[in-house]
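S.K.: Dumping the structure here so I can ask a few things about it.
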Amino acid sequence: MRNRLKYIEIKKKKNQQVFNGIRYPNIPLSVNDVYVVTTSGDRLDLLADQFYNDTKLWWVIATANRDLVRRDSLGIKPGLEIRIPANITQILKSFEKFNKDY
C-alpha cells in the first residue's frame, strides 16, 4: 500500500462535494519498536524514509505519537522522544482493512 489517499471518496451532496475521511488504526506497542530523540531538522517524512524507506509512511510515526506530534505538519520539535513502530506490515494491513470496511 503506497497511496493512502486512494481511500478518500468524493460524494455529491446538495450540489457540494463531500469527502469522507481517512481512518487510522491504533498502533499497538511492540517490543521491537525503536525510540529516537528528535534533533533540529528532523521531519516525519525524513524519519519515515530512514526507517521504512518510504517518505509517504510519515503518517505511521505521527499516528503512533499522537500526543507528541501534529499531523498537519511534517516538522518535529527537537528533543522529543518518539516511537518508530516496527510492525509496519501489520500496520499497513490494519490501515487497509480499516478503510475498506469504512
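We name chains A, B, ... following the order of the C-alpha cells; residues begin at 1 in each chain, and ligands are numbered from 1 as shown.
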Can you list, as a list in words, all residues belonging to chain A that DSSP tags as alpha helix (DSSP H)?
M.R.: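 Filtering chain A to alpha helix (DSSP H) leaves Leu44, Asp45, Leu46, Leu47, Ala48, Asp49, Gln50, Phe51, Tyr52, Trp58, Trp59, Val60, Ile61, Ala62, Thr63, Ala64, Ile88, Thr89, Gln90, Ile91, Leu92, Lys93, Ser94, Phe95, Glu96, Lys97, Phe98, Asn99 and Lys100 of chain A.
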S.K.: Set the distance at 9 Å and use only C-alpha atoms: which residues neighbour Trp59 (chain A) once local chain neighbours fewer than 2 positions away are removed? I'd like the list as a PyMOL selection string.
M.R.: chain A and resi 24+44-45+48+56-57+61-64+71
S.K.: With distances taken over only C-alpha atoms, which residue among A:Glu96, A:Thr55, A:Asn87, A:Thr38 lies nearest Leu68 (chain A)?
M.R.: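 Nearest to Leu68 (chain A): A:Thr38.
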S.K.: One number please: CA of Val69 (chain A) to CA of Ile82 (chain A), in Å, one decimal.
M.R.: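 These two atoms are separated by 8.7 Å.
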S.K.: Please indicate the distance in Å from CA of Asp72 (chain A) to CA of Ile27 (chain A), rounded to one decimal place.
M.R.: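 Computing the Euclidean distance for CA of Asp72 (chain A) and CA of Ile27 (chain A) yields 18.7 Å.
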S.K.: Separation of CA of Pro85 (chain A) and CA of Asp67 (chain A), in Å?
M.R.: 15.0 Å
S.K.: Show which residues sit within 10 Å of Pro25 (chain A), as a ChimeraX atom specification. Count only C-alpha atoms, and ignore same-chain residues fewer than 6 positions away.
M.R.: /A:60,63-64,91-99
S.K.: Which is closest to Glu81 (chain A) among A:Val36, A:Gly41, A:Asn65, A:Tyr52, if we use only C-alpha atoms?
M.R.: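 Nearest to Glu81 (chain A): A:Val36.
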S.K.: Which is closer to Gly75 (chain A) than all the others in A:Lys14, A:Trp58, A:Asp49, A:Thr89, using only C-alpha atoms?
M.R.: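 Under the stated criterion, the closest residue is A:Trp58.
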S.K.: Run DSSP on the backbone and tell me which residues of region 6-100 of chain A come out as strand (DSSP E or B); list them as a list in words.
M.R.: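 The strand (DSSP E or B) residues within region 6-100 of chain A come out as Ile10, Lys11, Lys12, Lys13, Gln16, Gln17, Val18, Phe19, Val34, Tyr35, Val36, Val37, Arg43, Gly75, Glu81, Ile82, Arg83 and Ile84 of chain A.
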S.K.: Quick one: write out the picked residues with C-alpha atoms as a compact mmCIF listing (two decimals), in the first residue's frame?
M.R.:
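Writing the result to result.txt gives the following:
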# COMPACT_ATOMS: atom_id res chain seq x y z
CA ILE A 10 -15.77 12.21 -3.03
CA LYS A 11 -19.56 12.31 -2.85
CA LYS A 12 -22.03 14.86 -4.12
CA LYS A 13 -24.42 16.18 -1.52
CA GLN A 16 -21.46 20.24 -2.88
CA GLN A 17 -18.54 17.86 -2.84
CA VAL A 18 -18.18 15.98 0.43
CA PHE A 19 -15.07 13.99 1.30
CA VAL A 34 12.52 1.94 18.12
CA TYR A 35 12.65 5.12 20.19
CA VAL A 36 14.55 8.15 18.95
CA VAL A 37 15.15 11.60 20.35
CA ARG A 43 10.87 15.72 9.94
CA GLY A 75 8.18 19.25 11.21
CA GLU A 81 11.42 11.05 22.36
CA ILE A 82 9.20 9.48 19.73
CA ARG A 83 8.31 5.90 18.90
CA ILE A 84 9.01 4.41 15.48
S.K.: Could you check the closest approach to Leu80 (chain A) for each of A:Ser40, A:Asp33, A:Phe51, A:Leu46 and tell me which residue wins, using only C-alpha atoms?
M.R.: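 Looking only at the distances to Leu80 (chain A), the closest residue turns out to be A:Ser40.
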